[in-house]
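> The structure that follows is given in the form of structure tokens.
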Amino acid sequence: MTITTTRAGAAHTAPARRAARRGRVAEALWGFAFIAPTGLGLAVFYLWPVLQTAYFSMTEWGVFGGHTWTGAENYARLLADPEVGRALVNTLTYTALGLAGIPLAIVFAALLNRKGLRGVGVYRTLFFLPVVTMPVAVAMVWRWLYNGDYGLINHLLSLVGIDGPNWIADPATALYALVVVGVWSSLGYNMIIFLAGMQAIPAEYYEAAAIDGAGPVRQFFRITVPLLSPTAFFVSVVSVIGSLQLFDLVYVMAGAGGAARANPAYPRMQTVVQLFYDRAFVTNDRGYAAAIAMMLLVLIVALTAAQFRLQRRWVHYA
Amino acid sequence: MRRPRPRVGVHAVLIAASLAMVTPFAWQFITSLKTLSSATAVPPSLLPEGRWENYGRIFELLPFADQFLNTVLVAAARTAGQVLLCSMAAYAFARLRFPGRNLIFGLFLSVLMVPPQLFIIPQYQIMSSLGWLNTLQALIVPGLFSAFGVFLLRQFFLGLPRELEEAARLDGAGPLRIYWSVMLPLARPGLVALAVLVLLWSWNDLFWPLVANTDPERLTLAAGLASLQGQFQTDYPVLMAGSLLASLPVIAVFVLLQRQFIQGIAHSGIKG
């Protein structure tokens, strides 16, 4: 009697537990199988390469391939290289000025967010066109618009009596001309993000403010702007990361490849990524290029971390 | 309640800004239909002429048809590959339990933080040692894997209701079946958003095609057009025709799938 009970009890638990364990093992195996392709691909093409680049940054590459360990030499060279200094100044100036696009995007998002406004879809589409257009094409069109002799911009300026410069071949204007294109092409993207942020603000806030007699401008500064600050923080982080990696626009607008060297404004346009491309794939100084890439990583991490620290001062989380 | 005022001021500002957005494209189109001498006339004429030949000239200056086909093939392969592979990994991270799941997901995410310049030299070496430089697979294969895509779709899967999955499990369906017949159909909006983004990035990418391929017949449109800029600096009408032709397909897809595009891009916001 006792024996049977024990047997029955064991039959009830042990195989069930075994079956459950088999189920868990099977689930884990399926899990590994599902992540395996992407996991292997990321390891081979992304994770391992990052470590390799870190290693390469401490080597020097021979003309005929092969590389030798040189420790921190590339980094010492980096600090003393005036071209790196210029590229850093250009990149950081472009990044800082590009932030002017954020208030602009907020204003346009606020205009589009007005209840019952007609044609919102059309405006949104038009603002978004530059976002989806190939940057190479955008750069070509703007290069033509900026042309000193035949460009549309100087033609329009001449109608009001201004003799415009040769925008992207003039060291005094080239970088600012790039900023304008950068802001122009990211305005639609930023605006869409702000529009989504605005639509998440409860309508009651505005209704209450209206009852208290606040007009649209006051409502914008007292309700929309503070409640939108987390979105603005996010957009600022994303645009700084993007701006620090500027390449396509300069590559085409300065005159691709060798032609860029002939552009007198090139020293005022060359970015960190430009310099990376040049050292890695034009002069084949890959160890040095790897050090430049590491510098870019440090720059991105540092500026992102700084923004996270500063957000306490101006970001309001509701 | 007051009647809402007609918003003349708001429309005036928005129309002015829209003009600033559209004018470069309009000027691109107008210039593309001019002769070189009329494009460089001072003052410029604001009207297009009928020089449709410029669109043919671009096929003589570049292997434009090859480059177009390359761009389509690379974008299609990368989009299909990422949607499949990322959705598999995302499903596993969102729904299956396996040891080390959070650690592995963290490793995936770490790729998101790193700028592409840190992958490029080793990727170039991999392609070189495989003998893949100047091939289409060099442009396709590294782009099949994406930490961003996994992240985007995992968020999407986490937001889906579990009931249908539970029902399928009780009917004896295994993970493969649940993924394929239950999760993928439910996740369609997320998959479309990812597809649209990969298509856009792949179509427009310049850096990697420039690095991996030098043979004009193996370039994509972005890299092909960029190479033209150095050589034929002055023939702006033909350049405008080429750049318009190259960017038009994505613009057309955008106009057709606007909602998905904007959703996807708003989601990509998570990227930071």
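Residue names in the structure tokens use chain letters A, B, ... in the order shown, residue numbers from 1 in each chain, and ligand numbers from 1 in the order shown.
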Please return, as a list in words, all residues of chain A lying within 6 Å of chain B when only C-alpha atoms are considered.

Ala28, Gly31, Phe34, Ile35, Thr38, Gly41, Tyr46, Pro49, Val50, Thr133, Met134, Val136, Ala137, Tyr150, Ile193, Val238, Gly255, Ala256, Ala259 and Ala293 of chain A

> Any idea what's packed within 6 Å of region 99-115 of chain A, counting only C-alpha atoms, ignoring anything in its chain fewer than 6 positions away? Could you give it as a list in words?

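Here the qualifying residues turn out to be Val183, Leu187, Asn190, Met191 and Leu195 of chain A.
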
> If you keep C-alpha atoms, can you produce a file of those selected residues as a PDB file, in the first residue's frame?


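The result, stored in again_32.pdb:
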```
ATOM      1  CA  VAL A 183      19.803  72.495 -40.270  1.00  0.00           C
ATOM      2  CA  LEU A 187      14.493  70.245 -39.596  1.00  0.00           C
ATOM      3  CA  ASN A 190      13.383  67.112 -35.453  1.00  0.00           C
ATOM      4  CA  MET A 191       9.981  68.616 -36.078  1.00  0.00           C
ATOM      5  CA  LEU A 195       5.248  67.062 -32.814  1.00  0.00           C
TER       6      LEU A 195
END
```

> Please indicate the distance in Å from CA of Ala291 (chain A) to CA of Arg77 (chain A), rounded to one decimal place.

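Computing the Euclidean distance for CA of Ala291 (chain A) and CA of Arg77 (chain A) yields 9.6 Å.
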
> Leaving out region 217-221 of chain A and any residue of its chain fewer than 4 positions from it, which residues lie within 7 Å of it when counting only C-alpha atoms, given as a VMD selection string?

chain A and resid 206 209 225

> List as a PyMOL selection string the protein and nucleic acid residues near Trp142 (chain A), meaning an atom at most 10 Å away when only C-alpha atoms are counted, but skip any in the same chain fewer than 5 places from it.

(chain A and resi 137+147+151-153+168+177-178+180-181+249+252-253) or (chain B and resi 24-25+27-28)

> Please produce an output containing N, CA and C atoms for each residue in the selection, written as a PDB file, in the first residue's frame.


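Saved as part17.pdb:
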```
ATOM      1  N   ALA A 137      22.921  63.822 -52.991  1.00  0.00           N
ATOM      2  CA  ALA A 137      22.120  64.658 -53.884  1.00  0.00           C
ATOM      3  C   ALA A 137      21.867  66.023 -53.251  1.00  0.00           C
ATOM      4  N   ASN A 147      26.896  78.322 -55.580  1.00  0.00           N
ATOM      5  CA  ASN A 147      27.906  78.709 -56.565  1.00  0.00           C
ATOM      6  C   ASN A 147      28.066  80.240 -56.616  1.00  0.00           C
ATOM      7  N   GLY A 151      25.097  80.817 -58.908  1.00  0.00           N
ATOM      8  CA  GLY A 151      24.185  80.227 -57.934  1.00  0.00           C
ATOM      9  C   GLY A 151      22.928  81.056 -57.738  1.00  0.00           C
ATOM     10  N   LEU A 152      21.839  80.337 -57.400  1.00  0.00           N
ATOM     11  CA  LEU A 152      20.563  81.009 -57.189  1.00  0.00           C
ATOM     12  C   LEU A 152      20.639  81.958 -55.990  1.00  0.00           C
ATOM     13  N   ILE A 153      21.368  81.552 -54.955  1.00  0.00           N
ATOM     14  CA  ILE A 153      21.415  82.365 -53.735  1.00  0.00           C
ATOM     15  C   ILE A 153      22.029  83.738 -54.031  1.00  0.00           C
ATOM     16  N   ILE A 168      31.045  78.335 -50.628  1.00  0.00           N
ATOM     17  CA  ILE A 168      31.758  77.151 -50.130  1.00  0.00           C
ATOM     18  C   ILE A 168      33.199  77.098 -50.600  1.00  0.00           C
ATOM     19  N   ALA A 177      27.954  77.890 -44.247  1.00  0.00           N
ATOM     20  CA  ALA A 177      27.137  77.388 -45.349  1.00  0.00           C
ATOM     21  C   ALA A 177      26.767  75.916 -45.099  1.00  0.00           C
ATOM     22  N   LEU A 178      27.719  75.159 -44.554  1.00  0.00           N
ATOM     23  CA  LEU A 178      27.436  73.756 -44.224  1.00  0.00           C
ATOM     24  C   LEU A 178      26.372  73.656 -43.135  1.00  0.00           C
ATOM     25  N   VAL A 180      23.955  75.662 -42.477  1.00  0.00           N
ATOM     26  CA  VAL A 180      22.632  75.944 -43.034  1.00  0.00           C
ATOM     27  C   VAL A 180      22.057  74.685 -43.690  1.00  0.00           C
ATOM     28  N   VAL A 181      22.872  73.983 -44.465  1.00  0.00           N
ATOM     29  CA  VAL A 181      22.387  72.769 -45.122  1.00  0.00           C
ATOM     30  C   VAL A 181      22.040  71.706 -44.079  1.00  0.00           C
ATOM     31  N   LEU A 249      28.109  65.490 -46.563  1.00  0.00           N
ATOM     32  CA  LEU A 249      27.923  66.854 -47.060  1.00  0.00           C
ATOM     33  C   LEU A 249      29.254  67.471 -47.461  1.00  0.00           C
ATOM     34  N   VAL A 252      31.043  65.935 -50.626  1.00  0.00           N
ATOM     35  CA  VAL A 252      30.558  66.382 -51.924  1.00  0.00           C
ATOM     36  C   VAL A 252      30.693  67.902 -52.092  1.00  0.00           C
ATOM     37  N   MET A 253      30.361  68.647 -51.051  1.00  0.00           N
ATOM     38  CA  MET A 253      30.339  70.107 -51.219  1.00  0.00           C
ATOM     39  C   MET A 253      31.730  70.711 -51.340  1.00  0.00           C
TER      40      MET A 253
ATOM     41  N   PRO B  24      15.157  74.357 -53.227  1.00  0.00           N
ATOM     42  CA  PRO B  24      16.328  73.640 -53.746  1.00  0.00           C
ATOM     43  C   PRO B  24      15.945  72.523 -54.719  1.00  0.00           C
ATOM     44  N   PHE B  25      14.863  71.805 -54.411  1.00  0.00           N
ATOM     45  CA  PHE B  25      14.447  70.719 -55.319  1.00  0.00           C
ATOM     46  C   PHE B  25      13.934  71.285 -56.640  1.00  0.00           C
ATOM     47  N   TRP B  27      14.804  74.082 -58.002  1.00  0.00           N
ATOM     48  CA  TRP B  27      15.952  74.600 -58.752  1.00  0.00           C
ATOM     49  C   TRP B  27      16.746  73.454 -59.369  1.00  0.00           C
ATOM     50  N   GLN B  28      16.816  72.347 -58.643  1.00  0.00           N
ATOM     51  CA  GLN B  28      17.480  71.149 -59.160  1.00  0.00           C
ATOM     52  C   GLN B  28      16.775  70.695 -60.433  1.00  0.00           C
TER      53      GLN B  28
END
```

> Determine the nearest neighbour of Trp144 (chain A) from the options A:Ala254, A:Ala305, A:Val315, A:Leu275, counting only C-alpha atoms.

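Of the candidates, the smallest distance to Trp144 (chain A) is held by A:Ala254.
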